[in-house]
file work-v2.cif (mmCIF, C-alpha atoms)
data_input
loop_
_atom_site.label_atom_id
_atom_site.label_comp_id
_atom_site.auth_asym_id
_atom_site.auth_seq_id
_atom_site.Cartn_x
_atom_site.Cartn_y
_atom_site.Cartn_z
CA MET A 841 15.16 11.63 -30.33
CA LEU A 842 12.65 10.29 -27.84
CA GLU A 843 9.59 12.46 -27.58
CA VAL A 844 7.88 12.79 -24.22
CA THR A 845 4.48 14.42 -23.76
CA GLU A 846 2.30 15.40 -20.83
CA MET A 847 -0.53 13.03 -19.99
CA SER A 848 -4.06 14.34 -19.63
CA ARG A 849 -5.85 14.18 -16.29
CA GLY A 850 -8.01 11.36 -17.69
CA GLU A 851 -4.96 9.35 -18.71
CA THR A 852 -3.31 9.76 -15.30
CA VAL A 853 -6.47 8.64 -13.51
CA ALA A 854 -6.87 5.65 -15.84
CA LEU A 855 -3.30 4.54 -15.18
CA LEU A 856 -3.77 4.84 -11.40
CA LEU A 857 -6.93 2.73 -11.68
CA ARG A 858 -5.19 0.05 -13.75
CA ARG A 859 -2.22 -0.45 -11.46
CA VAL A 860 -1.92 -1.63 -7.83
CA PHE A 861 1.80 -1.08 -7.24
CA GLY A 862 3.84 2.10 -7.04
CA HIS A 863 6.41 4.03 -5.05
CA LEU A 864 5.80 6.27 -2.06
CA GLY A 865 8.09 9.24 -1.49
CA CYS A 866 8.26 11.17 1.76
CA THR A 867 10.68 13.54 3.45
CA ARG A 868 11.91 14.34 6.92
CA ASP A 869 14.46 16.94 8.01
CA GLY A 870 15.56 17.55 4.44
CA HIS A 871 16.02 13.86 3.65
CA PRO A 872 13.95 12.14 0.96
CA TYR A 873 12.85 8.51 1.27
CA VAL A 874 11.22 6.29 -1.34
CA VAL A 875 9.83 2.78 -0.96
CA PRO A 876 7.82 0.35 -3.10
CA MET A 877 4.19 0.18 -2.07
CA ASN A 878 0.97 -1.57 -3.00
CA TYR A 879 -2.02 0.70 -3.23
CA ALA A 880 -5.63 0.97 -4.29
CA PHE A 881 -7.10 3.98 -6.07
CA ASP A 882 -10.86 4.47 -6.13
CA GLY A 883 -10.92 7.29 -8.66
CA GLU A 884 -10.73 9.97 -5.97
CA CYS A 885 -8.43 8.77 -3.21
CA LEU A 886 -5.42 6.54 -3.01
CA PHE A 887 -5.15 4.07 -0.13
CA PHE A 888 -2.13 2.18 1.09
CA TYR A 889 -1.18 0.28 4.17
CA THR A 890 2.03 -0.55 5.88
CA THR A 891 3.26 -1.72 9.25
CA GLU A 892 4.71 0.59 11.88
CA GLY A 893 8.27 1.54 11.02
CA THR A 894 10.39 4.04 9.15
CA LYS A 895 7.60 4.93 6.71
CA THR A 896 5.08 5.70 9.44
CA GLU A 897 7.71 7.75 11.29
CA PHE A 898 8.41 9.82 8.16
CA ILE A 899 4.72 10.41 7.54
CA ALA A 900 4.10 11.29 11.19
CA ALA A 901 6.84 13.93 10.89
CA ASN A 902 5.64 15.25 7.51
CA ARG A 903 2.35 14.21 5.96
CA GLU A 904 3.19 15.61 2.54
CA VAL A 905 3.83 12.65 0.24
CA CYS A 906 4.40 11.88 -3.41
CA PHE A 907 3.12 8.66 -4.98
CA GLN A 908 4.59 7.53 -8.29
CA VAL A 909 3.11 4.82 -10.53
CA GLU A 910 4.50 3.69 -13.85
CA GLU A 911 4.03 1.43 -16.83
CA ILE A 912 7.41 0.77 -18.39
CA ALA A 913 7.89 -1.56 -21.34
CA ASP A 914 11.45 -0.44 -22.08
CA PRO A 915 13.48 2.79 -21.98
CA LEU A 916 11.72 4.01 -25.12
CA HIS A 917 8.14 3.09 -24.20
CA TRP A 918 6.81 4.17 -20.83
CA ARG A 919 4.39 6.34 -18.92
CA SER A 920 4.73 7.57 -15.37
CA VAL A 921 2.29 9.36 -13.07
CA ILE A 922 2.86 11.29 -9.86
CA ILE A 923 0.26 12.41 -7.39
CA THR A 924 1.00 14.66 -4.45
CA GLY A 925 -1.01 15.25 -1.31
CA HIS A 926 -1.28 14.73 2.42
CA ALA A 927 -1.28 11.21 3.79
CA GLU A 928 -4.05 10.92 6.32
CA ARG A 929 -3.81 8.02 8.74
CA LEU A 930 -7.13 6.24 9.10
CA THR A 931 -8.06 5.39 12.64
CA SER A 932 -11.83 5.01 12.89
CA THR A 933 -13.08 1.45 12.52
CA GLU A 934 -15.41 2.55 9.76
CA ASP A 935 -12.64 4.21 7.71
CA VAL A 936 -10.27 1.29 8.27
CA GLU A 937 -12.86 -1.28 7.19
CA ARG A 938 -13.81 0.65 4.09
CA ALA A 939 -10.19 1.13 3.06
CA MET A 940 -9.27 -2.50 3.67
CA GLN A 941 -12.26 -3.70 1.69
CA HIS A 942 -11.25 -1.44 -1.14
CA ILE A 943 -7.65 -2.66 -1.07
CA THR A 944 -8.76 -6.29 -0.93
CA ALA A 945 -11.17 -5.79 -3.80
CA ARG A 946 -8.51 -4.18 -5.99
CA ASN A 947 -5.84 -6.71 -5.14
CA PRO A 948 -7.28 -9.91 -3.62
CA THR A 949 -3.90 -11.51 -3.03
CA LEU A 950 -2.64 -8.57 -1.03
CA ALA A 951 -4.65 -8.74 2.15
CA PRO A 952 -5.89 -11.82 3.93
CA ALA A 953 -9.42 -12.84 3.16
CA ILE A 954 -11.07 -11.69 6.31
CA ASN A 955 -14.66 -10.79 6.82
CA ARG A 956 -15.60 -7.23 7.53
CA THR A 957 -16.17 -7.61 11.24
CA LYS A 958 -12.62 -8.91 11.67
CA ILE A 959 -10.80 -6.24 9.70
CA GLY A 960 -10.49 -3.74 12.52
CA ALA A 961 -9.19 -6.37 14.93
CA TRP A 962 -6.79 -7.76 12.32
CA THR A 963 -5.26 -4.40 11.53
CA ARG A 964 -4.75 -3.61 15.22
CA LEU A 965 -3.23 -7.02 15.88
CA ASN A 966 -0.78 -6.67 13.02
CA HIS A 967 0.17 -3.06 13.78
CA VAL A 968 -1.08 -2.04 10.38
CA ALA A 969 -1.22 1.64 9.53
CA LEU A 970 -3.69 2.60 6.82
CA PHE A 971 -3.37 5.84 4.92
CA ARG A 972 -5.53 7.80 2.53
CA VAL A 973 -4.21 10.42 0.14
CA ARG A 974 -6.58 12.81 -1.54
CA PRO A 975 -4.48 13.98 -4.48
CA GLU A 976 -3.84 17.71 -4.77
CA GLY A 977 -1.77 17.38 -7.91
CA PHE A 978 -1.80 14.93 -10.81
CA TYR A 979 1.17 14.83 -13.17
CA GLY A 980 1.91 12.35 -15.92
CA ARG A 981 4.35 11.95 -18.76
CA LYS A 982 4.55 9.39 -21.50
CA THR A 983 6.58 8.57 -24.55
CA ALA A 984 4.90 9.48 -27.78
CA MET B 985 10.12 -13.93 6.09
CA ILE B 986 11.81 -10.64 5.29
CA ALA B 987 15.61 -10.58 5.58
CA LYS B 988 18.18 -7.80 5.40
CA LEU B 989 20.67 -7.70 2.56
CA SER B 990 24.31 -7.05 3.38
CA GLU B 991 25.93 -3.91 1.98
CA GLU B 992 27.71 -6.08 -0.59
CA GLU B 993 24.49 -7.79 -1.69
CA SER B 994 22.74 -4.44 -1.89
CA PHE B 995 25.46 -2.97 -4.11
CA ALA B 996 25.42 -6.09 -6.29
CA LEU B 997 21.69 -5.69 -6.89
CA LEU B 998 22.09 -1.97 -7.52
CA SER B 999 24.79 -2.73 -10.11
CA SER B 1000 22.66 -5.32 -11.86
CA ARG B 1001 19.66 -3.08 -12.56
CA ARG B 1002 19.06 -0.19 -14.94
CA LEU B 1003 15.85 1.39 -13.67
CA ALA B 1004 15.56 3.24 -10.37
CA ARG B 1005 13.22 5.63 -8.67
CA LEU B 1006 14.92 8.78 -7.59
CA ALA B 1007 13.47 10.75 -4.71
CA CYS B 1008 14.50 14.31 -3.99
CA ILE B 1009 12.96 17.35 -2.38
CA ALA B 1010 11.34 19.93 -4.65
CA ASP B 1011 10.14 23.12 -2.97
CA GLY B 1012 10.09 21.34 0.37
CA GLU B 1013 8.00 18.46 -0.92
CA PRO B 1014 8.94 14.92 -1.88
CA TYR B 1015 9.36 14.24 -5.58
CA VAL B 1016 9.77 10.74 -7.06
CA VAL B 1017 10.59 9.91 -10.66
CA PRO B 1018 11.80 6.81 -12.49
CA VAL B 1019 15.27 7.15 -13.99
CA ASN B 1020 17.52 4.97 -16.11
CA TYR B 1021 20.98 4.73 -14.59
CA VAL B 1022 24.32 3.03 -14.76
CA CYS B 1023 26.39 2.24 -11.72
CA ASP B 1024 30.07 2.50 -10.90
CA ASP B 1025 31.61 1.51 -7.58
CA ILE B 1026 30.64 4.63 -5.70
CA SER B 1027 27.72 6.19 -7.47
CA ILE B 1028 24.85 5.91 -9.87
CA ILE B 1029 25.06 7.97 -13.04
CA VAL B 1030 22.02 9.49 -14.72
CA HIS B 1031 21.38 11.87 -17.55
CA SER B 1032 18.39 14.13 -17.71
CA LEU B 1033 17.11 17.25 -19.31
CA PRO B 1034 16.92 20.32 -17.07
CA GLY B 1035 13.64 20.38 -15.18
CA THR B 1036 11.99 19.85 -11.83
CA LYS B 1037 14.33 17.19 -10.49
CA ILE B 1038 17.51 18.97 -11.58
CA ASP B 1039 16.32 22.24 -10.04
CA ALA B 1040 15.37 20.37 -6.88
CA MET B 1041 18.71 18.61 -6.49
CA ARG B 1042 20.71 21.76 -7.24
CA SER B 1043 18.84 23.33 -4.36
CA ASN B 1044 18.97 20.34 -1.98
CA PRO B 1045 21.49 17.68 -3.05
CA ARG B 1046 20.19 14.97 -0.72
CA VAL B 1047 18.82 12.04 -2.72
CA CYS B 1048 17.30 8.63 -2.04
CA VAL B 1049 17.40 6.06 -4.84
CA GLN B 1050 15.31 2.90 -4.78
CA ILE B 1051 15.56 -0.16 -7.00
CA ASP B 1052 13.68 -3.41 -6.83
CA GLU B 1053 13.62 -6.84 -8.34
CA ILE B 1054 10.16 -8.32 -8.04
CA LYS B 1055 9.36 -11.87 -9.12
CA ASP B 1056 6.09 -12.02 -7.27
CA GLN B 1057 4.54 -10.81 -4.07
CA PHE B 1058 6.54 -13.19 -1.91
CA ASN B 1059 9.81 -13.17 -3.85
CA TRP B 1060 11.33 -9.73 -4.15
CA ALA B 1061 14.22 -7.54 -3.12
CA SER B 1062 14.43 -3.80 -2.65
CA VAL B 1063 17.50 -1.64 -2.18
CA LEU B 1064 17.74 1.95 -0.97
CA ALA B 1065 20.82 4.03 -1.68
CA PHE B 1066 21.29 7.40 0.01
CA GLY B 1067 23.66 10.02 -1.27
CA ASN B 1068 24.33 13.45 -2.66
CA TYR B 1069 23.77 14.93 -6.09
CA LYS B 1070 26.88 15.93 -7.98
CA GLU B 1071 26.60 17.44 -11.41
CA MET B 1072 29.23 16.49 -13.95
CA ILE B 1073 29.84 19.68 -15.85
CA SER B 1074 32.89 18.93 -17.97
CA GLY B 1075 36.10 17.02 -18.25
CA ALA B 1076 37.25 13.44 -18.42
CA ALA B 1077 34.88 12.21 -15.69
CA ARG B 1078 31.90 13.50 -17.64
CA GLU B 1079 33.14 11.83 -20.80
CA ARG B 1080 33.58 8.52 -18.95
CA ALA B 1081 30.09 8.87 -17.51
CA MET B 1082 28.65 9.57 -20.93
CA ALA B 1083 30.42 6.52 -22.35
CA LEU B 1084 29.00 4.34 -19.56
CA LEU B 1085 25.50 5.69 -20.22
CA LEU B 1086 25.74 5.09 -23.95
CA ALA B 1087 27.02 1.57 -23.32
CA GLY B 1088 24.15 0.92 -20.91
CA PHE B 1089 21.49 2.46 -23.15
CA PRO B 1090 22.57 2.08 -26.76
CA ASP B 1091 19.13 3.09 -28.03
CA LEU B 1092 19.23 6.45 -26.38
CA THR B 1093 20.99 9.43 -27.77
CA PRO B 1094 22.66 11.68 -25.20
CA VAL B 1095 19.72 14.01 -25.49
CA GLU B 1096 17.27 11.44 -24.31
CA SER B 1097 13.99 13.25 -24.37
CA VAL B 1098 12.26 16.51 -24.87
CA ILE B 1099 8.93 17.64 -23.64
CA ALA B 1100 7.19 18.01 -26.96
CA ARG B 1101 5.76 21.43 -26.28
CA ASP B 1102 9.13 22.92 -25.41
CA ALA B 1103 10.89 24.71 -28.20
CA GLY B 1104 14.39 23.54 -28.92
CA ALA B 1105 16.40 20.95 -27.08
CA PRO B 1106 18.28 22.14 -24.01
CA ALA B 1107 21.63 20.58 -23.16
CA PRO B 1108 21.36 17.37 -21.15
CA VAL B 1109 22.58 17.26 -17.58
CA ILE B 1110 24.76 14.38 -16.47
CA PHE B 1111 24.90 13.82 -12.76
CA ARG B 1112 25.89 11.20 -10.27
CA VAL B 1113 24.55 10.36 -6.87
CA LEU B 1114 27.55 9.70 -4.64
CA ILE B 1115 26.31 6.95 -2.38
CA ASP B 1116 27.15 7.11 1.32
CA ARG B 1117 24.73 4.51 2.64
CA VAL B 1118 22.96 1.53 1.16
CA THR B 1119 20.39 -0.82 2.68
CA GLY B 1120 18.40 -3.69 1.29
CA ILE B 1121 15.73 -6.20 2.19
CA ARG B 1122 14.34 -9.25 0.50
CA GLU B 1123 11.65 -11.83 0.88
CA GLY B 1124 11.77 -15.34 -0.48
#
call {"tool": "encode", "arguments": {"input": "work-v2.cif", "output": "C-alpha cells"}}
result
Amino acid sequence: MLEVTEMSRGETVALLLRRVFGHLGCTRDGHPYVVPMNYAFDGECLFFYTTEGTKTEFIAANREVCFQVEEIADPLHWRSVIITGHAERLTSTEDVERAMQHITARNPTLAPAINRTKIGAWTRLNHVALFRVRPEGFYGRKTA
Amino acid sequence: MIAKLSEEESFALLSSRRLARLACIADGEPYVVPVNYVCDDISIIVHSLPGTKIDAMRSNPRVCVQIDEIKDQFNWASVLAFGNYKEMISGAARERAMALLLAGFPDLTPVESVIARDAGAPAPVIFRVLIDRVTGIREG
C-alpha cells in the first residue's frame, strides 16, 4: 500500500521555491475554477500574472484562492503542496515593477526582457493583472 | 496564438490523460488537488480515501477538473471540465468503475494511500464527476 505523509513547512517552502508552474483555484457563486499558472515565490509571497478575463473576474468576486504546486514522477512517487490566501491585485507602479522583476528573475523565458522603467507601461498596454498572495496556510503531502 | 478546442477535441484530450487537478469548494474556500483518473464517455472516475475533498464534494457537489498537456511554454493544451460529484456506493456501476481504475493504474491497489499517522485504513471512496460542460484551449 502506498504510504503518504505530511510535508513539513520547510519542505513545502522548498518545493514552492524550486518550481515556477502550478494551478490556481478560485470560486465564485459556489462554482470552483482551476487553471494552470506560472508563478514566482520569494519565500514569503507568491506572485502571478494573467491577462484580464475569467480569472480576474473570479478573483474580483472572491479574493480567496488556493494555489497548488506539484512534483510528480509517477502515481507512486509524488509530492504536492497547497497554499491558501487572499489574492491581492497589485496596482502601484512600484509594486508592479518589483513583482515583474521577481517573476522575470525566477523564470526568464516567461516575461519579455524589458527594463525596469518600461515594466509599468508594458503591463498596462498588455492588460496584465498582477497578483500577490501572502499564504495563510501551507499544506503538503508526499509519498514515503 | 491561442486557439479554442472543440468539445470533441477537449474530450479526446481528457480521455488521453491520467492526471488531473480537481477543484472543489471546502468550507467556502477553493481547494485544488491532483488526482489520478480514468475517463468514460460522460464522466471522470476517481478513487480516494475519505478526507477534505470528499467532505467538500459531499457538501457542495460542484467540481471543476483541469488537465493539461505541456510540451513547452508555447506548445500546450489545457482542458476544463465542469460537473457534479456523484459517489458510487455499490452495485455493478461501482464494480465497472473499479475495474476501469485498476486497468488504468495496475500498480495501485484499490486502497491507494493512507496518511501514515492515521490508524487503520478506511474504505476507499469511488466517485465520478458527471461532466456537463467542457472547454479547451491550446497554443502551438
call {"tool": "residues_around", "arguments": {"input": "work-v2.cif", "residues": "stretch 1052-1057 of chain B", "least_positions_apart": "4", "cutoff": "9 Å", "atoms": "all atoms listed in the file", "output": "compact mmCIF listing (two decimals) with C-alpha atoms, keeping the file's coordinate frame"}}
result
# COMPACT_ATOMS: atom_id res chain seq x y z
CA PRO A 876 7.82 0.35 -3.10
CA THR A 949 -3.90 -11.51 -3.03
CA LEU A 950 -2.64 -8.57 -1.03
CA LEU B 997 21.69 -5.69 -6.89
CA LEU B 998 22.09 -1.97 -7.52
CA ARG B 1001 19.66 -3.08 -12.56
CA LEU B 1003 15.85 1.39 -13.67
CA ALA B 1004 15.56 3.24 -10.37
CA ALA B 1061 14.22 -7.54 -3.12
CA SER B 1062 14.43 -3.80 -2.65
CA VAL B 1063 17.50 -1.64 -2.18
CA LEU B 1064 17.74 1.95 -0.97
CA GLU B 1123 11.65 -11.83 0.88
call {"tool": "residues_near_point", "arguments": {"input": "work-v2.cif", "point": "(22.2, -1.0, -22.7)", "cutoff": "12 Å", "atoms": "all atoms listed in the file", "output": "list of chain:residue names"}}
result
A:Asp914, A:Pro915, A:Leu916, B:Ser1000, B:Arg1001, B:Arg1002, B:Leu1003, B:Asn1020, B:Tyr1021, B:Val1022, B:Ala1083, B:Leu1084, B:Leu1085, B:Leu1086, B:Ala1087, B:Gly1088, B:Phe1089, B:Pro1090, B:Asp1091, B:Leu1092, B:Thr1093
call {"tool": "resolve_selection", "arguments": {"input": "work-v2.cif", "expression": "the PyMOL selection byres ((chain A) within 6 of (chain B))", "output": "list of chain:residue names"}}
result
A:Leu842, A:Glu843, A:Val844, A:Thr845, A:Gly865, A:Cys866, A:Thr867, A:Pro872, A:Tyr873, A:Val905, A:Cys906
call {"tool": "residues_near_point", "arguments": {"input": "work-v2.cif", "point": "(23.7, -7.5, 2.2)", "cutoff": "10 Å", "atoms": "all atoms listed in the file", "output": "list of chain:residue names"}}
result
B:Ala987, B:Lys988, B:Leu989, B:Ser990, B:Glu991, B:Glu992, B:Glu993, B:Ser994, B:Phe995, B:Ala996, B:Leu997, B:Val1063, B:Val1118, B:Thr1119, B:Gly1120, B:Ile1121, B:Arg1122
call {"tool": "closest_residue", "arguments": {"input": "work-v2.cif", "among": "A:Ala961, A:Ala854, A:Val968, A:Met847", "to": "A:Asp882", "atoms": "only C-alpha atoms"}}
result
A:Ala854
call {"tool": "resolve_selection", "arguments": {"input": "work-v2.cif", "expression": "the PyMOL selection byres ((chain A and resi 921) around 7)", "output": "number ranges by chain"}}
result
A: 852, 908-910, 919-920, 922-923, 979-981
call {"tool": "atom_distance", "arguments": {"input": "work-v2.cif", "atom1": "atom CA of A:Leu965", "atom2": "atom CA of A:Arg938"}}
result
17.6 Å
call {"tool": "resolve_selection", "arguments": {"input": "work-v2.cif", "expression": "the PyMOL selection byres ((chain A and resi 926-932) around 12)", "output": "MDAnalysis selection string"}}
result
(chainID A and resid 864:866 885:890 892 895:907 923:925 933:940 959:961 963:964 967:977) or (chainID B and resid 1013:1014)
call {"tool": "closest_residue", "arguments": {"input": "work-v2.cif", "among": "A:Asn878, A:Arg868, A:Gly862, A:Ser848", "to": "A:Pro948", "atoms": "all atoms listed in the file"}}
result
A:Asn878
call {"tool": "residues_around", "arguments": {"input": "work-v2.cif", "residues": "B:Gly1075", "least_positions_apart": "6", "cutoff": "12 Å", "atoms": "all atoms listed in the file", "output": "ChimeraX atom specification"}}
result
/B:1081-1082,1110
call {"tool": "axis_aligned_box", "arguments": {"input": "work-v2.cif", "around": "stretch 997-1015 of chain B", "padding_each_side": "4 Å", "output": "AutoDock Vina command-line options"}}
result
--center_x 16.4 --center_y 8.7 --center_z -7.3 --size_x 24.8 --size_y 36.8 --size_z 23.3
call {"tool": "atom_distance", "arguments": {"input": "work-v2.cif", "atom1": "atom CA of B:Pro1108", "atom2": "atom CA of B:Ala1076"}}
result
16.6 Å
call {"tool": "atom_distance", "arguments": {"input": "work-v2.cif", "atom1": "atom CA of B:Arg1112", "atom2": "atom CA of B:Ser1043"}}
result
15.2 Å
call {"tool": "closest_residue", "arguments": {"input": "work-v2.cif", "among": "B:Val1113, B:Ala1040, B:Leu1033, B:Ile986", "to": "B:Lys1070", "atoms": "only C-alpha atoms"}}
result
B:Val1113
call {"tool": "closest_residue", "arguments": {"input": "work-v2.cif", "among": "B:Cys1023, B:Met1041, B:Met1072, B:Ala1077", "to": "B:Ile1115", "atoms": "all atoms listed in the file"}}
result
B:Cys1023
call {"tool": "build_atoms", "arguments": {"input": "work-v2.cif", "residues": "stretch 1049-1084 of chain B", "atoms": "N, CA and C atoms", "output": "CSV table (one decimal), in the coordinates of the input"}}
result
chain,number,residue,atom,x,y,z
B,1049,VAL,N,17.6,6.8,-3.6
B,1049,VAL,CA,17.4,6.1,-4.8
B,1049,VAL,C,16.9,4.7,-4.4
B,1050,GLN,N,15.9,4.2,-5.1
B,1050,GLN,CA,15.3,2.9,-4.8
B,1050,GLN,C,15.3,2.0,-6.0
B,1051,ILE,N,15.7,0.8,-5.9
B,1051,ILE,CA,15.6,-0.2,-7.0
B,1051,ILE,C,14.9,-1.4,-6.4
B,1052,ASP,N,14.2,-2.1,-7.3
B,1052,ASP,CA,13.7,-3.4,-6.8
B,1052,ASP,C,13.8,-4.5,-7.9
B,1053,GLU,N,13.7,-5.7,-7.5
B,1053,GLU,CA,13.6,-6.8,-8.3
B,1053,GLU,C,12.5,-7.7,-7.8
B,1054,ILE,N,11.4,-7.7,-8.6
B,1054,ILE,CA,10.2,-8.3,-8.0
B,1054,ILE,C,9.8,-9.5,-8.9
B,1055,LYS,N,9.8,-10.7,-8.4
B,1055,LYS,CA,9.4,-11.9,-9.1
B,1055,LYS,C,7.9,-12.1,-8.9
B,1056,ASP,N,7.5,-12.0,-7.6
B,1056,ASP,CA,6.1,-12.0,-7.3
B,1056,ASP,C,6.0,-11.4,-5.9
B,1057,GLN,N,4.8,-11.5,-5.3
B,1057,GLN,CA,4.5,-10.8,-4.1
B,1057,GLN,C,5.4,-11.4,-2.9
B,1058,PHE,N,5.8,-12.6,-3.0
B,1058,PHE,CA,6.5,-13.2,-1.9
B,1058,PHE,C,8.0,-13.4,-2.2
B,1059,ASN,N,8.4,-13.0,-3.4
B,1059,ASN,CA,9.8,-13.2,-3.8
B,1059,ASN,C,10.3,-11.9,-4.5
B,1060,TRP,N,10.9,-11.1,-3.7
B,1060,TRP,CA,11.3,-9.7,-4.2
B,1060,TRP,C,12.5,-9.2,-3.3
B,1061,ALA,N,13.2,-8.2,-3.9
B,1061,ALA,CA,14.2,-7.5,-3.1
B,1061,ALA,C,14.1,-6.1,-3.4
B,1062,SER,N,14.5,-5.3,-2.5
B,1062,SER,CA,14.4,-3.8,-2.6
B,1062,SER,C,15.7,-3.2,-2.0
B,1063,VAL,N,16.3,-2.3,-2.7
B,1063,VAL,CA,17.5,-1.6,-2.2
B,1063,VAL,C,17.3,-0.1,-2.2
B,1064,LEU,N,17.7,0.5,-1.1
B,1064,LEU,CA,17.7,2.0,-1.0
B,1064,LEU,C,19.2,2.4,-0.9
B,1065,ALA,N,19.5,3.4,-1.7
B,1065,ALA,CA,20.8,4.0,-1.7
B,1065,ALA,C,20.6,5.5,-1.4
B,1066,PHE,N,21.4,6.0,-0.4
B,1066,PHE,CA,21.3,7.4,0.0
B,1066,PHE,C,22.6,8.1,-0.4
B,1067,GLY,N,22.4,9.3,-0.9
B,1067,GLY,CA,23.7,10.0,-1.3
B,1067,GLY,C,23.4,11.4,-1.7
B,1068,ASN,N,24.4,12.0,-2.3
B,1068,ASN,CA,24.3,13.4,-2.7
B,1068,ASN,C,24.5,13.6,-4.2
B,1069,TYR,N,23.7,14.5,-4.7
B,1069,TYR,CA,23.8,14.9,-6.1
B,1069,TYR,C,25.1,15.6,-6.4
B,1070,LYS,N,25.7,15.2,-7.5
B,1070,LYS,CA,26.9,15.9,-8.0
B,1070,LYS,C,26.8,16.0,-9.5
B,1071,GLU,N,26.7,17.2,-10.0
B,1071,GLU,CA,26.6,17.4,-11.4
B,1071,GLU,C,28.0,17.3,-12.1
B,1072,MET,N,28.0,16.7,-13.2
B,1072,MET,CA,29.2,16.5,-14.0
B,1072,MET,C,29.2,17.5,-15.1
B,1073,ILE,N,30.0,18.6,-14.9
B,1073,ILE,CA,29.8,19.7,-15.8
B,1073,ILE,C,30.8,19.5,-17.1
B,1074,SER,N,32.0,19.1,-16.8
B,1074,SER,CA,32.9,18.9,-18.0
B,1074,SER,C,34.0,18.0,-17.6
B,1075,GLY,N,34.9,17.7,-18.5
B,1075,GLY,CA,36.1,17.0,-18.2
B,1075,GLY,C,36.0,15.5,-18.5
B,1076,ALA,N,37.1,14.9,-18.1
B,1076,ALA,CA,37.2,13.4,-18.4
B,1076,ALA,C,36.2,12.6,-17.7
B,1077,ALA,N,35.9,13.0,-16.5
B,1077,ALA,CA,34.9,12.2,-15.7
B,1077,ALA,C,33.5,12.2,-16.4
B,1078,ARG,N,33.2,13.4,-16.9
B,1078,ARG,CA,31.9,13.5,-17.6
B,1078,ARG,C,31.9,12.6,-18.9
B,1079,GLU,N,33.0,12.6,-19.6
B,1079,GLU,CA,33.1,11.8,-20.8
B,1079,GLU,C,33.0,10.3,-20.5
B,1080,ARG,N,33.7,9.9,-19.4
B,1080,ARG,CA,33.6,8.5,-19.0
B,1080,ARG,C,32.1,8.2,-18.6
B,1081,ALA,N,31.5,9.1,-17.9
B,1081,ALA,CA,30.1,8.9,-17.5
B,1081,ALA,C,29.2,8.7,-18.7
B,1082,MET,N,29.4,9.6,-19.7
B,1082,MET,CA,28.6,9.6,-20.9
B,1082,MET,C,28.9,8.2,-21.7
B,1083,ALA,N,30.1,7.8,-21.7
B,1083,ALA,CA,30.4,6.5,-22.4
B,1083,ALA,C,29.7,5.4,-21.6
B,1084,LEU,N,29.7,5.4,-20.3
B,1084,LEU,CA,29.0,4.3,-19.6
B,1084,LEU,C,27.5,4.4,-19.9
